[in-house]
file model_20.tsv (TSV, C-alpha atoms)
chain	number	residue	atom	x	y	z
A	515	MET	CA	-202.64	144.02	76.27
A	516	GLU	CA	-205.35	145.19	73.94
A	517	ALA	CA	-204.29	148.77	74.50
A	518	LEU	CA	-200.73	147.87	73.50
A	519	GLY	CA	-201.93	146.12	70.35
A	520	SER	CA	-204.01	149.04	69.21
A	521	PHE	CA	-201.16	151.42	70.02
A	522	VAL	CA	-198.85	149.50	67.71
A	523	MET	CA	-201.50	149.38	65.02
A	524	ASP	CA	-202.63	152.99	65.18
A	525	GLN	CA	-199.53	154.92	66.12
A	526	LEU	CA	-196.60	152.91	64.79
A	527	LEU	CA	-198.02	151.43	61.61
A	528	LYS	CA	-200.72	153.85	60.62
A	529	MET	CA	-199.05	156.79	62.30
A	530	GLN	CA	-202.24	158.48	63.38
A	531	TRP	CA	-200.18	161.05	65.22
A	532	LEU	CA	-198.80	162.07	61.86
A	533	SER	CA	-202.23	162.29	60.33
A	534	GLY	CA	-203.37	164.50	63.18
A	535	LEU	CA	-200.26	166.64	62.85
A	536	VAL	CA	-200.84	167.25	59.16
A	537	TRP	CA	-204.44	168.31	59.85
A	538	ARG	CA	-203.25	170.67	62.57
A	539	LEU	CA	-200.92	172.28	60.04
A	540	LEU	CA	-203.50	172.48	57.27
A	541	SER	CA	-206.60	173.56	59.22
A	542	PRO	CA	-205.51	177.15	59.99
A	543	LEU	CA	-205.26	177.57	56.20
A	544	GLY	CA	-208.90	176.67	55.87
A	545	LEU	CA	-208.05	173.17	54.55
A	546	THR	CA	-210.08	171.09	56.90
A	547	GLU	CA	-211.31	167.53	56.83
A	548	GLY	CA	-214.09	167.16	54.35
A	549	THR	CA	-212.98	169.91	51.98
A	550	GLN	CA	-211.71	168.66	48.63
A	551	TRP	CA	-208.39	170.51	48.66
A	552	GLY	CA	-207.93	169.70	52.30
A	553	GLU	CA	-208.36	165.98	51.72
A	554	THR	CA	-206.09	165.95	48.66
A	555	LEU	CA	-203.26	167.86	50.29
A	556	HIS	CA	-203.63	165.84	53.45
A	557	PHE	CA	-203.32	162.61	51.48
A	558	PHE	CA	-200.12	163.64	49.72
A	559	ALA	CA	-198.47	165.20	52.75
A	560	TYR	CA	-199.40	162.37	55.09
A	561	ASP	CA	-198.60	159.54	52.69
A	562	THR	CA	-195.29	161.02	51.60
A	563	ALA	CA	-194.21	161.81	55.16
A	564	LYS	CA	-195.18	158.32	56.29
A	565	ILE	CA	-193.17	156.71	53.52
A	566	VAL	CA	-190.15	158.90	54.21
A	567	ILE	CA	-190.15	158.01	57.92
A	568	LEU	CA	-190.50	154.30	57.19
A	569	LEU	CA	-187.82	154.34	54.50
A	570	VAL	CA	-185.29	156.24	56.54
A	571	THR	CA	-185.76	154.09	59.61
A	572	MET	CA	-185.57	150.82	57.70
A	573	ILE	CA	-182.61	151.70	55.53
A	574	PHE	CA	-180.68	153.00	58.52
A	575	ALA	CA	-181.30	149.85	60.56
A	576	ILE	CA	-180.40	147.54	57.70
A	577	GLY	CA	-177.40	149.69	56.79
A	578	TYR	CA	-176.11	149.27	60.31
A	579	VAL	CA	-176.40	145.50	60.03
A	580	GLN	CA	-174.65	145.63	56.64
A	581	SER	CA	-171.64	147.30	58.22
A	582	PHE	CA	-170.93	143.95	59.86
A	583	PHE	CA	-170.63	142.17	56.52
A	584	PRO	CA	-167.94	143.60	54.30
A	585	PRO	CA	-167.08	141.27	51.39
A	586	GLU	CA	-164.01	139.94	53.21
A	587	ARG	CA	-166.05	138.68	56.12
A	588	SER	CA	-168.78	137.28	53.92
A	589	ARG	CA	-166.12	135.39	52.01
A	590	ARG	CA	-164.72	133.94	55.19
A	591	ILE	CA	-168.13	132.87	56.46
A	592	MET	CA	-169.08	131.30	53.15
A	593	GLY	CA	-165.83	129.34	53.16
A	594	ARG	CA	-166.86	127.54	56.32
A	595	PHE	CA	-169.81	125.79	54.75
A	596	LYS	CA	-169.72	122.80	52.46
A	597	GLY	CA	-171.96	121.68	49.64
A	598	PHE	CA	-175.56	122.84	49.56
A	599	TRP	CA	-175.28	124.85	52.77
A	600	ALA	CA	-172.53	126.88	51.17
A	601	ASN	CA	-175.06	127.94	48.54
A	602	VAL	CA	-177.51	128.88	51.28
A	603	ALA	CA	-174.82	130.92	53.03
A	604	GLY	CA	-173.88	132.55	49.73
A	605	ALA	CA	-177.47	133.54	48.99
A	606	LEU	CA	-178.10	134.92	52.48
A	607	LEU	CA	-174.84	136.83	52.62
A	608	GLY	CA	-175.48	138.20	49.15
A	609	THR	CA	-178.46	140.06	50.49
A	610	VAL	CA	-176.74	141.46	53.53
A	611	THR	CA	-173.38	142.45	52.03
A	612	PRO	CA	-173.57	145.97	50.64
A	613	PHE	CA	-173.06	145.57	46.93
A	614	CYS	CA	-172.54	147.82	43.97
A	615	SER	CA	-172.74	146.28	40.52
A	616	CYS	CA	-169.42	147.76	39.51
A	617	SER	CA	-167.79	145.67	42.24
A	618	SER	CA	-169.09	142.43	40.84
A	619	ILE	CA	-165.90	141.58	38.98
A	620	PRO	CA	-163.40	142.15	41.80
A	621	LEU	CA	-165.80	140.33	44.05
A	622	PHE	CA	-166.06	137.35	41.72
A	623	ILE	CA	-162.29	137.16	41.46
A	624	GLY	CA	-161.83	137.55	45.19
A	625	PHE	CA	-164.25	134.75	45.95
A	626	THR	CA	-162.86	132.42	43.31
A	627	ARG	CA	-159.26	132.91	44.37
A	628	ALA	CA	-160.20	132.21	47.97
A	629	GLY	CA	-161.33	128.81	46.82
A	630	LEU	CA	-165.08	129.28	47.01
A	631	PRO	CA	-166.89	126.94	44.61
A	632	LEU	CA	-168.22	128.51	41.43
A	633	GLY	CA	-171.83	127.73	42.29
A	634	VAL	CA	-171.53	129.40	45.68
A	635	THR	CA	-170.18	132.56	44.10
A	636	PHE	CA	-173.11	132.49	41.73
A	637	SER	CA	-175.60	132.08	44.57
A	638	PHE	CA	-174.14	135.25	45.99
A	639	LEU	CA	-174.22	137.04	42.65
A	640	ILE	CA	-177.85	136.14	42.05
A	641	SER	CA	-179.19	137.17	45.43
A	642	SER	CA	-177.10	140.32	45.69
A	643	PRO	CA	-178.77	142.45	43.04
A	644	MET	CA	-182.16	140.77	43.33
A	645	VAL	CA	-182.70	140.89	47.06
A	646	ASP	CA	-181.05	144.26	47.37
A	647	LEU	CA	-181.95	146.81	50.02
A	648	GLY	CA	-182.99	149.56	47.63
A	649	SER	CA	-185.15	147.26	45.52
A	650	LEU	CA	-186.76	145.68	48.57
A	651	VAL	CA	-187.55	149.02	50.11
A	652	LEU	CA	-189.12	150.22	46.90
A	653	ILE	CA	-191.09	147.01	46.39
A	654	MET	CA	-192.32	147.23	49.95
A	655	SER	CA	-193.53	150.77	49.61
A	656	THR	CA	-195.16	150.01	46.26
A	657	PHE	CA	-196.67	146.57	46.82
A	658	GLY	CA	-196.67	146.18	50.58
A	659	PRO	CA	-194.63	144.04	52.98
A	660	GLY	CA	-196.37	140.83	51.96
A	661	VAL	CA	-195.20	140.97	48.35
A	662	ALA	CA	-191.74	142.10	49.47
A	663	ALA	CA	-191.50	139.07	51.75
A	664	VAL	CA	-192.59	136.73	48.97
A	665	TYR	CA	-190.13	138.33	46.57
A	666	THR	CA	-187.32	137.85	49.09
A	667	VAL	CA	-188.07	134.21	49.76
A	668	VAL	CA	-188.43	133.36	46.09
A	669	GLY	CA	-185.29	135.31	45.25
A	670	LEU	CA	-183.29	133.41	47.83
A	671	LEU	CA	-184.61	130.09	46.56
A	672	ILE	CA	-183.62	130.92	43.01
A	673	ALA	CA	-180.19	132.01	44.21
A	674	ILE	CA	-179.64	128.85	46.25
A	675	LEU	CA	-180.98	126.35	43.73
A	676	GLY	CA	-179.58	128.19	40.71
A	677	GLY	CA	-176.13	128.31	42.24
A	678	ALA	CA	-176.26	124.68	43.30
A	679	PHE	CA	-177.35	123.67	39.81
A	680	ILE	CA	-174.53	125.60	38.17
A	681	GLU	CA	-172.14	123.89	40.53
A	682	ARG	CA	-173.38	120.49	39.38
A	683	LEU	CA	-172.67	121.34	35.77
A	684	GLY	CA	-168.97	121.45	36.53
A	685	MET	CA	-168.09	124.45	34.39
A	686	ASP	CA	-165.00	125.45	36.30
A	687	ASP	CA	-163.01	125.70	33.09
A	688	GLN	CA	-165.34	128.43	31.84
A	689	ILE	CA	-163.75	131.18	33.89
A	690	ALA	CA	-161.45	133.74	32.29
A	691	ASP	CA	-157.80	132.92	32.94
A	692	PHE	CA	-156.82	136.07	34.74
A	693	VAL	CA	-159.39	135.30	37.43
A	694	ARG	CA	-157.31	132.49	38.80
A	695	GLY	CA	-154.56	133.40	41.13
A	696	GLY	CA	-153.12	132.87	44.56
A	697	ALA	CA	-155.32	132.81	47.61
A	698	PRO	CA	-155.74	136.39	48.82
A	699	ASP	CA	-154.85	137.83	52.17
A	700	ASP	CA	-157.63	137.25	54.60
A	701	ALA	CA	-157.05	140.48	56.49
A	702	GLU	CA	-160.15	142.54	56.96
A	703	LEU	CA	-159.78	146.05	55.72
A	704	MET	CA	-160.39	148.03	58.87
A	705	ALA	CA	-162.17	147.36	62.11
A	706	MET	CA	-165.21	149.57	62.59
A	707	THR	CA	-166.14	151.36	65.75
A	708	VAL	CA	-169.77	151.98	66.65
A	709	ARG	CA	-169.30	155.52	65.39
A	710	ASP	CA	-167.93	154.20	62.06
A	711	ARG	CA	-170.97	151.96	61.76
A	712	LEU	CA	-173.38	154.78	62.46
A	713	ALA	CA	-171.61	156.89	59.86
A	714	PHE	CA	-171.75	154.02	57.38
A	715	ALA	CA	-175.45	153.47	58.04
A	716	GLY	CA	-176.02	157.20	57.65
A	717	ARG	CA	-174.27	157.30	54.28
A	718	GLU	CA	-176.15	154.22	53.07
A	719	THR	CA	-179.42	155.81	54.18
A	720	TRP	CA	-178.74	159.04	52.36
A	721	SER	CA	-177.53	157.44	49.14
A	722	THR	CA	-180.26	154.78	48.98
A	723	PHE	CA	-182.92	157.31	49.88
A	724	LYS	CA	-181.75	159.65	47.12
A	725	LYS	CA	-181.91	156.79	44.61
A	726	VAL	CA	-185.24	155.41	45.71
A	727	PHE	CA	-187.35	158.41	46.65
A	728	PRO	CA	-188.13	159.73	43.15
A	729	TYR	CA	-189.50	156.32	42.29
A	730	VAL	CA	-191.54	156.18	45.46
A	731	LEU	CA	-193.12	159.47	44.49
A	732	ALA	CA	-193.62	158.16	40.98
A	733	GLY	CA	-195.37	155.14	42.45
A	734	VAL	CA	-197.74	157.30	44.48
A	735	ALA	CA	-198.50	159.38	41.39
A	736	ILE	CA	-198.92	156.36	39.14
A	737	GLY	CA	-201.71	155.11	41.36
A	738	SER	CA	-203.85	158.01	40.25
A	739	LEU	CA	-202.65	158.28	36.66
A	740	ILE	CA	-203.03	154.74	35.38
A	741	HIS	CA	-206.77	154.83	35.49
A	742	ASN	CA	-206.71	157.52	32.84
A	743	TRP	CA	-203.83	156.37	30.69
A	744	ILE	CA	-203.36	152.72	29.94
A	745	PRO	CA	-206.33	150.92	28.48
A	746	GLN	CA	-207.09	148.05	30.80
A	747	ASP	CA	-208.01	145.68	28.01
A	748	ALA	CA	-204.71	145.98	26.14
A	749	VAL	CA	-202.65	145.20	29.19
A	750	GLU	CA	-204.88	142.37	30.26
A	751	LEU	CA	-204.74	140.86	26.82
A	752	VAL	CA	-200.97	140.67	26.75
A	753	LEU	CA	-200.09	140.19	30.41
A	754	GLY	CA	-203.31	139.13	32.07
A	755	ASP	CA	-204.39	135.70	33.11
A	756	GLN	CA	-205.77	134.84	29.69
A	757	ASN	CA	-202.33	134.77	28.14
A	758	PRO	CA	-200.49	131.59	29.14
A	759	LEU	CA	-197.18	133.01	27.96
A	760	ALA	CA	-197.45	136.18	30.07
A	761	VAL	CA	-194.78	135.13	32.54
A	762	VAL	CA	-192.29	134.18	29.84
A	763	LEU	CA	-192.91	137.48	28.11
A	764	ALA	CA	-192.43	139.46	31.29
A	765	THR	CA	-189.15	137.73	32.09
A	766	VAL	CA	-187.73	138.12	28.63
A	767	VAL	CA	-188.77	141.76	28.36
A	768	GLY	CA	-187.39	142.53	31.79
A	769	ALA	CA	-183.89	141.37	30.98
A	770	PRO	CA	-182.71	143.93	28.44
A	771	ILE	CA	-184.29	146.91	30.08
A	772	TYR	CA	-181.31	149.19	30.31
A	773	ALA	CA	-183.16	151.59	32.56
A	774	ASP	CA	-182.39	151.88	36.19
A	775	THR	CA	-183.78	148.86	37.98
A	776	PHE	CA	-185.76	151.16	40.24
A	777	GLY	CA	-187.55	152.70	37.28
A	778	ALA	CA	-189.01	149.33	36.45
A	779	ILE	CA	-190.86	149.01	39.72
A	780	PRO	CA	-193.41	151.77	39.20
A	781	ILE	CA	-193.95	150.22	35.76
A	782	ALA	CA	-194.59	146.89	37.46
A	783	GLU	CA	-197.04	148.57	39.80
A	784	ALA	CA	-198.97	150.13	36.94
A	785	LEU	CA	-199.16	146.79	35.17
A	786	TYR	CA	-200.31	145.06	38.32
A	787	TYR	CA	-203.16	147.44	38.91
A	788	LYS	CA	-204.15	147.06	35.30
A	789	GLY	CA	-204.70	143.36	35.66
A	790	THR	CA	-201.30	141.73	35.31
A	791	GLN	CA	-201.01	138.82	37.68
A	792	LEU	CA	-198.77	138.91	40.71
A	793	GLY	CA	-196.43	136.15	39.51
A	794	THR	CA	-195.91	137.86	36.17
A	795	VAL	CA	-195.04	141.08	37.95
A	796	LEU	CA	-192.61	139.32	40.30
A	797	ALA	CA	-190.85	137.61	37.39
A	798	PHE	CA	-190.52	140.96	35.66
A	799	MET	CA	-188.95	142.64	38.68
A	800	MET	CA	-186.52	139.80	39.27
A	801	SER	CA	-185.43	139.75	35.67
A	802	VAL	CA	-184.84	143.48	35.64
A	803	THR	CA	-182.62	143.41	38.71
A	804	VAL	CA	-180.50	140.35	37.98
A	805	LEU	CA	-180.31	140.18	34.21
A	806	SER	CA	-179.73	143.84	33.45
A	807	ILE	CA	-177.39	144.51	30.56
A	808	PRO	CA	-174.79	146.33	32.68
A	809	SER	CA	-174.54	143.38	35.11
A	810	LEU	CA	-174.27	140.86	32.31
A	811	THR	CA	-171.63	142.94	30.55
A	812	MET	CA	-169.60	142.98	33.73
A	813	LEU	CA	-169.99	139.27	34.18
A	814	SER	CA	-168.98	138.55	30.60
A	815	ARG	CA	-165.52	139.87	31.40
A	816	VAL	CA	-164.83	137.17	33.94
A	817	VAL	CA	-166.88	134.30	32.65
A	818	ARG	CA	-166.83	132.56	29.27
A	819	PRO	CA	-169.87	132.70	26.96
A	820	ARG	CA	-171.04	129.18	27.71
A	821	LEU	CA	-171.15	129.80	31.44
A	822	LEU	CA	-172.70	133.22	30.97
A	823	GLY	CA	-175.40	131.72	28.78
A	824	THR	CA	-176.01	129.00	31.36
A	825	PHE	CA	-176.28	131.61	34.10
A	826	VAL	CA	-178.87	133.59	32.14
A	827	ALA	CA	-180.82	130.46	31.26
A	828	VAL	CA	-180.84	129.16	34.84
A	829	CYS	CA	-181.99	132.51	36.21
A	830	MET	CA	-184.70	132.90	33.60
A	831	ALA	CA	-185.92	129.37	34.18
A	832	GLY	CA	-186.16	130.00	37.91
A	833	MET	CA	-187.96	133.28	37.44
A	834	ILE	CA	-190.40	131.86	34.92
A	835	VAL	CA	-191.24	128.92	37.14
A	836	SER	CA	-191.76	131.17	40.17
A	837	GLY	CA	-193.93	133.44	38.10
A	838	TYR	CA	-196.24	130.64	37.08
A	839	VAL	CA	-196.37	129.23	40.57
A	840	PHE	CA	-197.42	132.57	41.98
A	841	ASN	CA	-199.96	133.22	39.32
A	842	PHE	CA	-201.41	129.87	40.27
A	843	LEU	CA	-201.38	130.65	43.99
A	844	GLN	CA	-202.65	134.18	43.65
A	845	PRO	CA	-206.32	133.45	44.33
A	846	PHE	CA	-205.33	131.78	47.57
A	847	LEU	CA	-203.06	134.54	48.90
B	701	MET	CA	-145.45	153.40	40.05
B	702	ALA	CA	-147.38	156.17	41.77
B	703	ARG	CA	-147.59	155.92	45.52
B	704	VAL	CA	-151.35	156.31	45.50
B	705	GLN	CA	-153.77	154.42	43.27
B	706	VAL	CA	-157.49	154.67	42.75
B	707	MET	CA	-158.88	151.34	41.68
B	708	GLY	CA	-162.20	151.11	39.93
B	709	SER	CA	-164.09	149.82	36.95
B	710	GLY	CA	-164.77	153.17	35.33
B	711	CYS	CA	-168.25	153.73	36.68
B	712	LYS	CA	-169.34	157.11	37.96
B	713	LYS	CA	-168.41	156.46	41.60
B	714	CYS	CA	-164.94	155.25	40.67
B	715	ARG	CA	-164.26	158.29	38.51
B	716	GLN	CA	-165.50	160.53	41.31
B	717	LEU	CA	-163.01	159.03	43.73
B	718	TYR	CA	-160.25	159.58	41.20
B	719	GLU	CA	-161.22	163.23	40.75
B	720	ASN	CA	-161.31	163.75	44.50
B	721	ALA	CA	-157.89	162.15	44.83
B	722	VAL	CA	-156.46	164.41	42.16
B	723	LYS	CA	-157.99	167.38	43.97
B	724	ALA	CA	-156.37	166.28	47.21
B	725	LEU	CA	-152.99	165.15	45.93
B	726	GLY	CA	-152.33	166.63	42.53
B	727	GLU	CA	-152.59	164.96	39.15
B	728	GLY	CA	-149.15	163.36	38.96
B	729	SER	CA	-149.50	161.65	42.30
B	730	VAL	CA	-152.47	159.43	41.60
B	731	GLU	CA	-152.74	156.49	39.26
B	732	TYR	CA	-156.15	155.37	38.05
B	733	VAL	CA	-156.27	151.60	37.67
B	734	THR	CA	-159.10	149.88	35.82
B	735	ASP	CA	-157.35	146.64	34.95
B	736	MET	CA	-159.29	143.95	36.77
B	737	ALA	CA	-156.33	141.63	37.22
B	738	ARG	CA	-154.36	144.33	39.02
B	739	ILE	CA	-157.35	145.24	41.15
B	740	ALA	CA	-157.84	141.65	42.19
B	741	ASP	CA	-154.13	141.22	42.87
B	742	ALA	CA	-154.31	144.12	45.28
B	743	GLY	CA	-156.92	142.19	47.24
B	744	VAL	CA	-159.68	144.68	46.53
B	745	MET	CA	-163.22	143.30	46.41
B	746	ALA	CA	-165.29	146.46	46.53
B	747	THR	CA	-164.66	149.30	44.15
B	748	PRO	CA	-163.89	152.16	44.17
B	749	ALA	CA	-160.87	151.61	46.34
B	750	LEU	CA	-157.96	153.75	47.45
B	751	VAL	CA	-154.59	152.03	47.62
B	752	VAL	CA	-151.61	153.64	49.32
B	753	ASP	CA	-148.13	152.05	49.04
B	754	GLY	CA	-149.69	148.86	47.78
B	755	ARG	CA	-152.14	148.50	50.65
B	756	PRO	CA	-155.90	149.18	50.28
B	757	VAL	CA	-156.95	151.78	52.81
B	758	SER	CA	-160.51	152.25	51.73
B	759	ALA	CA	-162.93	150.21	49.64
B	760	GLY	CA	-166.43	150.74	48.35
B	761	ARG	CA	-166.59	154.42	49.25
B	762	VAL	CA	-166.18	157.70	47.45
B	763	LEU	CA	-163.92	159.58	49.87
B	764	LYS	CA	-163.89	163.34	50.10
B	765	PRO	CA	-160.61	165.08	49.21
B	766	SER	CA	-160.04	165.92	52.88
B	767	GLU	CA	-160.45	162.27	53.87
B	768	ILE	CA	-158.04	161.21	51.14
B	769	SER	CA	-155.38	163.66	52.36
B	770	ALA	CA	-155.82	162.38	55.88
B	771	LEU	CA	-155.35	158.77	54.79
B	772	VAL	CA	-152.31	159.48	52.64
B	773	TYR	CA	-150.46	162.00	54.81
B	774	GLY	CA	-152.02	161.36	58.19
call {"tool": "encode", "arguments": {"input": "model_20.tsv", "output": "structure tokens"}}
result
Amino acid sequence: MEALGSFVMDQLLKMQWLSGLVWRLLSPLGLTEGTQWGETLHFFAYDTAKIVILLVTMIFAIGYVQSFFPPERSRRIMGRFKGFWANVAGALLGTVTPFCSCSSIPLFIGFTRAGLPLGVTFSFLISSPMVDLGSLVLIMSTFGPGVAAVYTVVGLLIAILGGAFIERLGMDDQIADFVRGGAPDDAELMAMTVRDRLAFAGRETWSTFKKVFPYVLAGVAIGSLIHNWIPQDAVELVLGDQNPLAVVLATVVGAPIYADTFGAIPIAEALYYKGTQLGTVLAFMMSVTVLSIPSLTMLSRVVRPRLLGTFVAVCMAGMIVSGYVFNFLQPFL
Amino acid sequence: MARVQVMGSGCKKCRQLYENAVKALGEGSVEYVTDMARIADAGVMATPALVVDGRPVSAGRVLKPSEISALVYG
């Protein structure tokens, strides 16, 4: 039993076989353990290879699961739940349905026409970009599985409660007119064979990997650069635990960042290592993924200004609160 | 109305599907639809989508020209 435990720890998680392999490749070149160049090259090769293996395996597995949840099926499943549980279903399915931000409008219309309550659609729309495979994978490789898990749970809570709250406000009249229409056909697009699913998972793996990998490398590089670049005091002053408004600032700044959401994560990492608190960093990442200008622009085409404003306010409130809670809990984690 | 339509919001992926469709079928044969009401009416929830004779045959994917030909003629 002990042997099995240490096998899992050493070979699966730490991949000692990989470490040994890299040394075997480097040693004939004179780059052995203990030499400065040897150690440096070993670190980069081993760390990068380890991340690549983990990423590819994870994305492929999750991609395969995602092939079971095209929007049509998610819609059908969400329709079976009533009230609060519908919001829960919406939030959970939002994470597992493969989602591209340019689809958010047709998706919104499709859900609304099928009769799903407005708040449930919003639960889906909040969790989809926030608890998204690419972001999660990047957060995990940058901050570790613990932070990724916390981010996921908090994201789901915001999606569920935010959506439920919006539902309570009864803003059904705040949807653009063309959104309404007859209930759509419930036919699923095409059935998928196992081979189709493997192909789908393969494509998802390749495209997500391509998007995420540069930022993973950036994250590895940032670890060594930040000590030389950003003055610790300046960051701590504005975003550290002495500034009570740090979380609000992080959330508000995160929203209009037009950059790729993935680009924000190495920034978050740099800030974290320079003394920004965990909650502040989490709020920043959430705000960047959900309240990005492209997403909001899309949403503004289907939803009237009052509802859009409410959506932004609800999300920000949730993120700010979570940020403060986590800053508070940080010493205990 | 063209027999084949590419439905999308104008983002890079959607334009790519349109270009691939034109490559496969010729420019006059493909209509590029960005009007959200029409896209929703077609029952499409994931863009970019390929619609043939009013029925969506692919959604959420950028198909290669060869795949498009197969779906339209095959």
call {"tool": "interface_residues", "arguments": {"input": "model_20.tsv", "of": "chain B", "to": "chain A", "cutoff": "12 Å", "atoms": "all atoms listed in the file", "output": "PyMOL selection string"}}
result
chain B and resi 707-715+734-751+755-763
call {"tool": "write_last_selection", "arguments": {"input": "model_20.tsv", "atoms": "C-alpha atoms", "output": "JSON list (two decimals), in the coordinates of the input"}}
result
[["chain", "number", "residue", "atom", "x", "y", "z"],
["B", 707, "MET", "CA", -158.88, 151.34, 41.68],
["B", 708, "GLY", "CA", -162.20, 151.11, 39.93],
["B", 709, "SER", "CA", -164.09, 149.82, 36.95],
["B", 710, "GLY", "CA", -164.77, 153.17, 35.33],
["B", 711, "CYS", "CA", -168.25, 153.73, 36.68],
["B", 712, "LYS", "CA", -169.34, 157.11, 37.96],
["B", 713, "LYS", "CA", -168.41, 156.46, 41.60],
["B", 714, "CYS", "CA", -164.94, 155.25, 40.67],
["B", 715, "ARG", "CA", -164.26, 158.29, 38.51],
["B", 734, "THR", "CA", -159.10, 149.88, 35.82],
["B", 735, "ASP", "CA", -157.35, 146.64, 34.95],
["B", 736, "MET", "CA", -159.29, 143.95, 36.77],
["B", 737, "ALA", "CA", -156.33, 141.63, 37.22],
["B", 738, "ARG", "CA", -154.36, 144.33, 39.02],
["B", 739, "ILE", "CA", -157.35, 145.24, 41.15],
["B", 740, "ALA", "CA", -157.84, 141.65, 42.19],
["B", 741, "ASP", "CA", -154.13, 141.22, 42.87],
["B", 742, "ALA", "CA", -154.31, 144.12, 45.28],
["B", 743, "GLY", "CA", -156.92, 142.19, 47.24],
["B", 744, "VAL", "CA", -159.68, 144.68, 46.53],
["B", 745, "MET", "CA", -163.22, 143.30, 46.41],
["B", 746, "ALA", "CA", -165.29, 146.46, 46.53],
["B", 747, "THR", "CA", -164.66, 149.30, 44.15],
["B", 748, "PRO", "CA", -163.89, 152.16, 44.17],
["B", 749, "ALA", "CA", -160.87, 151.61, 46.34],
["B", 750, "LEU", "CA", -157.96, 153.75, 47.45],
["B", 751, "VAL", "CA", -154.59, 152.03, 47.62],
["B", 755, "ARG", "CA", -152.14, 148.50, 50.65],
["B", 756, "PRO", "CA", -155.90, 149.18, 50.28],
["B", 757, "VAL", "CA", -156.95, 151.78, 52.81],
["B", 758, "SER", "CA", -160.51, 152.25, 51.73],
["B", 759, "ALA", "CA", -162.93, 150.21, 49.64],
["B", 760, "GLY", "CA", -166.43, 150.74, 48.35],
["B", 761, "ARG", "CA", -166.59, 154.42, 49.25],
["B", 762, "VAL", "CA", -166.18, 157.70, 47.45],
["B", 763, "LEU", "CA", -163.92, 159.58, 49.87]]
call {"tool": "atom_distance", "arguments": {"input": "model_20.tsv", "atom1": "atom CA of Val817 of chain A", "atom2": "atom CA of Val795 of chain A"}}
result
29.4 Å
call {"tool": "atom_distance", "arguments": {"input": "model_20.tsv", "atom1": "atom CA of Ala797 of chain A", "atom2": "atom CA of Met830 of chain A"}}
result
8.6 Å
call {"tool": "closest_residue", "arguments": {"input": "model_20.tsv", "among": "B:Lys764, B:Tyr773, B:Gln705, B:Leu717", "to": "Val730 of chain B", "atoms": "only C-alpha atoms"}}
result
B:Gln705
call {"tool": "atom_distance", "arguments": {"input": "model_20.tsv", "atom1": "atom CA of Val661 of chain A", "atom2": "atom CA of Val645 of chain A"}}
result
12.6 Å
call {"tool": "closest_residue", "arguments": {"input": "model_20.tsv", "among": "B:Val706, B:Ala724, B:Val752, B:Val733", "to": "Glu767 of chain B", "atoms": "all atoms listed in the file"}}
result
B:Ala724
call {"tool": "residues_around", "arguments": {"input": "model_20.tsv", "residues": "Gly593 of chain A", "least_positions_apart": "2", "cutoff": "10 Å", "atoms": "all atoms listed in the file", "output": "number ranges by chain"}}
result
A: 587-591, 595-596, 600, 603-604, 625, 628-631, 634
call {"tool": "residues_around", "arguments": {"input": "model_20.tsv", "residues": "Leu532 of chain A", "least_positions_apart": "3", "cutoff": "8 Å", "atoms": "only C-alpha atoms", "output": "list of chain:residue names"}}
result
A:Met529, A:Leu535, A:Val536, A:Tyr560, A:Lys564
call {"tool": "residues_near_point", "arguments": {"input": "model_20.tsv", "point": "(-185.5, 129.3, 34.9)", "cutoff": "12 Å", "atoms": "only C-alpha atoms", "output": "number ranges by chain"}}
result
A: 669, 671-673, 675-677, 679, 761-762, 765-766, 797, 800-801, 824-838
call {"tool": "closest_residue", "arguments": {"input": "model_20.tsv", "among": "B:Gln716, B:Val772, B:Arg703, B:Pro765", "to": "Ser729 of chain B", "atoms": "all atoms listed in the file"}}
result
B:Arg703
call {"tool": "decode", "arguments": {"input": "model_20.tsv", "residues": "segment 543-559 of chain A", "atoms": "C-alpha atoms", "output": "CSV table (one decimal), in the first residue's frame"}}
result
chain,number,residue,atom,x,y,z
A,543,LEU,CA,26.8,16.6,-23.3
A,544,GLY,CA,28.7,17.2,-20.1
A,545,LEU,CA,25.6,18.8,-18.4
A,546,THR,CA,25.4,16.8,-15.3
A,547,GLU,CA,23.7,17.3,-12.0
A,548,GLY,CA,25.5,19.9,-10.0
A,549,THR,CA,26.8,21.9,-12.9
A,550,GLN,CA,25.2,25.3,-13.3
A,551,TRP,CA,24.2,25.0,-17.0
A,552,GLY,CA,23.1,21.4,-16.4
A,553,GLU,CA,20.8,22.4,-13.6
A,554,THR,CA,19.3,25.3,-15.5
A,555,LEU,CA,18.7,23.4,-18.7
A,556,HIS,CA,17.3,20.5,-16.7
A,557,PHE,CA,14.9,22.7,-14.9
A,558,PHE,CA,13.5,24.2,-18.1
A,559,ALA,CA,13.3,21.0,-20.0
